[in-house]
>>> print(open('query-v5.txt').read())   # compact mmCIF, C-alpha atoms
# COMPACT_ATOMS: atom_id res chain seq x y z
CA MET A 258 28.63 32.55 100.45
CA VAL A 259 28.77 34.66 103.60
CA ALA A 260 26.07 32.62 105.35
CA ALA A 261 27.84 29.35 104.55
CA THR A 262 31.16 30.74 105.75
CA LEU A 263 29.63 32.03 108.97
CA ALA A 264 27.90 28.72 109.64
CA GLU A 265 31.07 26.73 109.04
CA VAL A 266 33.35 28.97 111.11
CA THR A 267 30.80 29.00 113.94
CA GLU A 268 30.53 25.22 113.97
CA LYS A 269 34.16 24.30 113.33
CA GLY A 270 36.29 27.35 114.08
CA TYR A 271 39.13 28.59 111.89
CA ASP A 272 41.09 25.35 112.11
CA GLY A 273 38.11 23.33 110.86
CA LEU A 274 37.04 25.79 108.18
CA THR A 275 37.54 24.43 104.66
CA VAL A 276 36.66 25.67 101.21
CA GLU A 277 35.18 22.26 100.50
CA ALA A 278 32.74 22.49 103.43
CA VAL A 279 31.70 26.03 102.46
CA ALA A 280 31.21 24.85 98.88
CA THR A 281 29.04 21.94 99.99
CA ARG A 282 26.97 24.09 102.32
CA SER A 283 26.46 26.83 99.71
CA GLY A 284 25.97 24.57 96.71
CA VAL A 285 28.79 26.27 94.80
CA HIS A 286 31.64 24.31 93.26
CA LYS A 287 34.87 24.57 95.24
CA ALA A 288 36.82 25.65 92.14
CA THR A 289 34.62 28.74 91.96
CA LEU A 290 35.36 29.53 95.60
CA TYR A 291 39.10 29.10 95.14
CA ARG A 292 39.03 31.26 92.01
CA ARG A 293 37.05 34.08 93.65
CA TRP A 294 38.23 33.97 97.28
CA GLY A 295 41.53 32.08 97.06
CA GLY A 296 40.86 30.03 100.18
CA VAL A 297 39.48 30.23 103.70
CA ASP A 298 41.26 33.50 104.48
CA GLY A 299 39.46 35.21 101.60
CA LEU A 300 36.14 33.76 102.74
CA VAL A 301 36.65 35.05 106.29
CA ALA A 302 37.69 38.47 105.01
CA ASP A 303 34.65 38.61 102.73
CA ALA A 304 32.31 37.69 105.60
CA LEU A 305 33.72 40.57 107.65
CA THR A 306 33.48 42.97 104.71
CA ALA A 307 29.84 42.03 104.21
CA SER A 308 29.19 42.55 107.93
CA ALA A 309 30.80 45.99 107.85
CA ASP A 310 28.33 47.04 105.18
CA GLN A 311 25.40 46.40 107.52
CA PRO A 312 24.18 49.55 109.28
CA TRP A 313 24.65 49.74 113.01
CA PRO A 314 21.49 51.12 114.63
CA LEU A 315 22.73 53.86 116.92
CA PRO A 316 20.88 55.00 120.01
CA ASP A 317 19.67 58.57 120.22
CA THR A 318 18.45 59.06 123.79
CA GLY A 319 19.41 62.73 123.95
CA ASP A 320 22.10 61.94 126.53
CA LEU A 321 25.69 60.94 125.74
CA GLN A 322 26.13 58.64 128.71
CA GLN A 323 22.91 56.77 127.96
CA ASP A 324 23.83 56.45 124.27
CA LEU A 325 27.23 54.99 125.19
CA ARG A 326 25.62 52.65 127.70
CA ARG A 327 23.28 51.38 124.98
CA ILE A 328 26.20 50.82 122.62
CA THR A 329 28.19 48.84 125.18
CA GLN A 330 25.04 46.97 126.23
CA GLU A 331 24.48 45.95 122.62
CA VAL A 332 28.05 44.62 122.34
CA PHE A 333 27.62 42.81 125.66
CA SER A 334 24.25 41.37 124.66
CA VAL A 335 25.34 40.12 121.25
CA PHE A 336 28.54 38.46 122.41
CA THR A 337 27.05 36.86 125.51
CA ASP A 338 23.83 35.66 123.89
CA PRO A 339 24.01 31.86 123.57
CA GLU A 340 22.29 31.97 120.17
CA LEU A 341 23.92 35.04 118.60
CA GLY A 342 27.30 35.21 120.32
CA PRO A 343 29.10 32.20 118.85
CA THR A 344 29.06 33.55 115.27
CA PRO A 345 30.72 36.96 115.80
CA THR A 346 33.07 35.40 118.35
CA ALA A 347 34.15 32.71 115.89
CA LEU A 348 34.47 35.20 113.04
CA ILE A 349 36.66 37.60 115.01
CA SER A 350 38.78 34.73 116.30
CA ALA A 351 39.20 33.43 112.75
CA ALA A 352 40.07 36.89 111.42
CA GLN A 353 42.91 37.16 113.90
CA ARG A 354 44.51 34.09 112.34
CA SER A 355 45.16 35.47 108.85
CA ASP A 356 46.54 38.64 107.31
CA ALA A 357 43.51 39.09 105.04
CA GLY A 358 41.14 38.46 107.91
CA ALA A 359 42.99 40.84 110.22
CA ALA A 360 42.88 43.59 107.59
CA ALA A 361 39.15 43.01 107.08
CA LEU A 362 38.61 43.06 110.85
CA ARG A 363 40.41 46.42 111.13
CA ALA A 364 38.25 47.78 108.30
CA PHE A 365 35.12 46.39 109.96
CA PHE A 366 35.85 48.13 113.26
CA ALA A 367 36.90 51.34 111.52
CA ALA A 368 33.54 51.40 109.69
CA ARG A 369 31.62 50.72 112.90
CA HIS A 370 33.51 53.44 114.78
CA ARG A 371 32.94 55.95 111.95
CA GLN A 372 29.21 55.18 112.08
CA ALA A 373 29.11 55.49 115.86
CA ALA A 374 30.92 58.83 115.76
CA GLU A 375 27.47 60.31 115.13
CA VAL A 376 26.76 59.82 118.85
CA ALA A 377 29.56 62.27 119.65
CA GLU A 378 28.49 64.70 116.91
CA ARG A 379 24.99 64.88 118.42
CA ALA A 380 26.47 65.34 121.92
CA VAL A 381 28.68 68.19 120.66
CA ALA A 382 25.62 69.84 119.07
CA ARG A 383 23.75 69.55 122.41
CA GLY A 384 26.70 71.11 124.25
CA GLU A 385 27.56 67.94 126.17
CA LEU A 386 30.99 67.55 124.60
CA PRO A 387 33.68 69.97 123.50
CA ALA A 388 33.95 70.81 119.82
CA GLY A 389 36.47 68.64 118.03
CA THR A 390 35.64 65.48 119.99
CA GLU A 391 36.73 62.47 117.97
CA GLY A 392 33.70 60.24 118.16
CA ALA A 393 35.41 57.14 116.82
CA GLU A 394 38.02 57.35 119.58
CA MET A 395 35.32 57.81 122.19
CA VAL A 396 33.41 54.73 121.00
CA ARG A 397 36.66 52.75 120.80
CA ALA A 398 37.35 53.65 124.44
CA ALA A 399 33.83 52.62 125.47
CA THR A 400 33.92 49.22 123.78
CA ALA A 401 37.60 48.29 124.18
CA PRO A 402 37.25 46.90 127.72
CA LEU A 403 34.54 44.55 126.49
CA TYR A 404 36.59 43.25 123.57
CA PHE A 405 39.62 42.95 125.84
CA ARG A 406 37.71 40.61 128.15
CA LEU A 407 36.15 38.68 125.27
CA PHE A 408 39.26 38.15 123.14
CA VAL A 409 42.36 38.82 125.23
CA SER A 410 42.02 38.15 128.95
CA GLY A 411 39.07 35.75 128.91
CA GLU A 412 37.72 37.42 132.04
CA PRO A 413 33.96 37.24 132.53
CA LEU A 414 31.93 39.96 130.89
CA ASP A 415 28.83 41.25 132.62
CA ALA A 416 26.36 44.09 132.21
CA ARG A 417 28.02 46.15 134.96
CA THR A 418 31.37 46.01 133.15
CA ALA A 419 29.67 47.23 129.97
CA GLU A 420 28.00 50.07 131.87
CA ARG A 421 31.23 51.04 133.63
CA ALA A 422 33.10 51.16 130.30
CA ALA A 423 30.45 53.47 128.83
CA ASP A 424 30.51 55.71 131.88
CA ALA A 425 34.30 55.98 131.82
CA ALA A 426 34.30 56.91 128.13
CA ALA A 427 31.57 59.52 128.68
CA LEU A 428 33.52 61.05 131.57
CA ALA A 429 36.73 61.14 129.53
CA ALA A 430 34.92 62.64 126.52
CA ARG A 431 33.34 65.36 128.63
CA ALA A 432 36.80 66.17 130.02
CA GLY A 433 38.05 66.71 126.46
CA LEU A 434 40.32 63.67 126.28
CA PHE A 435 39.06 62.73 122.82
CA THR A 436 39.44 66.12 121.16
CA SER A 437 41.75 66.49 118.22
CA THR A 438 43.89 68.91 120.19
CA PRO A 439 44.70 67.70 123.70
CA ALA A 440 43.91 69.95 126.63
CA THR A 441 46.81 71.80 128.15
CA PRO A 442 47.71 70.25 131.50
CA GLY A 443 47.19 72.48 134.50
CA PRO A 444 49.76 73.24 137.18
CA ASN A 445 50.89 70.32 139.32
>>> encode(input="query-v5.txt", output="structure tokens")
Amino acid sequence: MVAATLAEVTEKGYDGLTVEAVATRSGVHKATLYRRWGGVDGLVADALTASADQPWPLPDTGDLQQDLRRITQEVFSVFTDPELGPTPTALISAAQRSDAGAAALRAFFAARHRQAAEVAERAVARGELPAGTEGAEMVRAATAPLYFRLFVSGEPLDARTAERAADAAALAARAGLFTSTPATPGPN
């Protein structure tokens, strides 16, 4: 069902997504889809939930900044690839149009950020980051500028922007900005 939903939302967007089209594409009767997923919002949410269950291969270069650069480069590469990019772009855009989809999107990103927190844990163990660094927040900070350009401002996204976002997050993490207890400000 996920593949049929992804294909339909990629081709037609949220406004053109119908249970009937997903049923036809998947070979499942539409009554079954309505009974199980309730409609297109349930199908979109399920596609995101299935995506969240897929492991995210994390870089392990031995250097925080390089690991973050590889993470942002992966986001950049996927979303700007003419073959791969339309599906996650359409799915995220569709998820923002429904309560169920938005909840599934939040859960998807929370799962990805929890997985990616391992990058910070390794950097703490190597002495690159202070103890207590919240890895999910660090990864959020590294990838947020990319998602902002893709889904909010519509500004062009390029490899340099992805690299700059990673570098800024690494610098902030090293300064302790993502620790669970904020650093005490120094004298002005």
>>> atom_distance(input="query-v5.txt", atom1="atom CA of Leu325 of chain A", atom2="atom CA of Leu348 of chain A")
24.3 Å
>>> closest_atom_pairs(input="query-v5.txt", of="segment 271-343 of chain A", to="segment 406-412 of chain A", cutoff="12 Å", atoms="only C-alpha atoms", output="tab-separated table")
residue	atom	partner	partner_atom	distance
A:Val332	CA	A:Leu407	CA	10.5
A:Phe333	CA	A:Leu407	CA	9.5
A:Val335	CA	A:Leu407	CA	11.6
A:Phe336	CA	A:Leu407	CA	8.1
A:Thr337	CA	A:Leu407	CA	9.3
A:Gly342	CA	A:Leu407	CA	10.7
A:Pro343	CA	A:Leu407	CA	11.5
>>> closest_residue(input="query-v5.txt", among="A:Ile328, A:Ala288, A:Ala352, A:Ala347", to="Arg369 of chain A", atoms="all atoms listed in the file")
A:Ile328
>>> closest_atom_pairs(input="query-v5.txt", of="segment 316-430 of chain A", to="segment 267-276 of chain A", cutoff="12 Å", atoms="only C-alpha atoms", output="Markdown table")
| residue | atom | partner | partner_atom | distance |
| --- | --- | --- | --- | --- |
| A:Glu340 | CA | A:Thr267 | CA | 11.0 |
| A:Leu341 | CA | A:Thr267 | CA | 10.3 |
| A:Gly342 | CA | A:Thr267 | CA | 9.6 |
| A:Pro343 | CA | A:Thr267 | CA | 6.1 |
| A:Thr344 | CA | A:Thr267 | CA | 5.0 |
| A:Pro345 | CA | A:Thr267 | CA | 8.2 |
| A:Thr346 | CA | A:Thr267 | CA | 8.1 |
| A:Ala347 | CA | A:Thr267 | CA | 5.4 |
| A:Leu348 | CA | A:Thr267 | CA | 7.3 |
| A:Ile349 | CA | A:Tyr271 | CA | 9.8 |
| A:Ser350 | CA | A:Tyr271 | CA | 7.6 |
| A:Ala351 | CA | A:Tyr271 | CA | 4.9 |
| A:Ala352 | CA | A:Tyr271 | CA | 8.4 |
| A:Gln353 | CA | A:Tyr271 | CA | 9.6 |
| A:Arg354 | CA | A:Tyr271 | CA | 7.7 |
| A:Ser355 | CA | A:Tyr271 | CA | 9.6 |
| A:Gly358 | CA | A:Tyr271 | CA | 10.8 |
>>> atom_distance(input="query-v5.txt", atom1="atom CA of Ala427 of chain A", atom2="atom CA of Leu321 of chain A")
6.7 Å
>>> closest_residue(input="query-v5.txt", among="A:Thr418, A:Ser437, A:Thr306, A:Thr289", to="Ala357 of chain A", atoms="all atoms listed in the file")
A:Thr306
>>> atom_distance(input="query-v5.txt", atom1="atom CA of Ala368 of chain A", atom2="atom CA of Pro339 of chain A")
25.8 Å
>>> closest_residue(input="query-v5.txt", among="A:Ala280, A:Leu362, A:Ala399, A:Leu386", to="Gly433 of chain A", atoms="all atoms listed in the file")
A:Leu386
>>> closest_residue(input="query-v5.txt", among="A:Ala307, A:Val376, A:Arg292, A:Ala361", to="Gly319 of chain A", atoms="all atoms listed in the file")
A:Val376
>>> axis_aligned_box(input="query-v5.txt", around="segment 349-357 of chain A", padding_each_side="3 Å", output="lines of an AutoDock Vina configuration file")
center_x = 41.6
center_y = 36.3
center_z = 110.7
size_x = 15.9
size_y = 11.7
size_z = 17.3
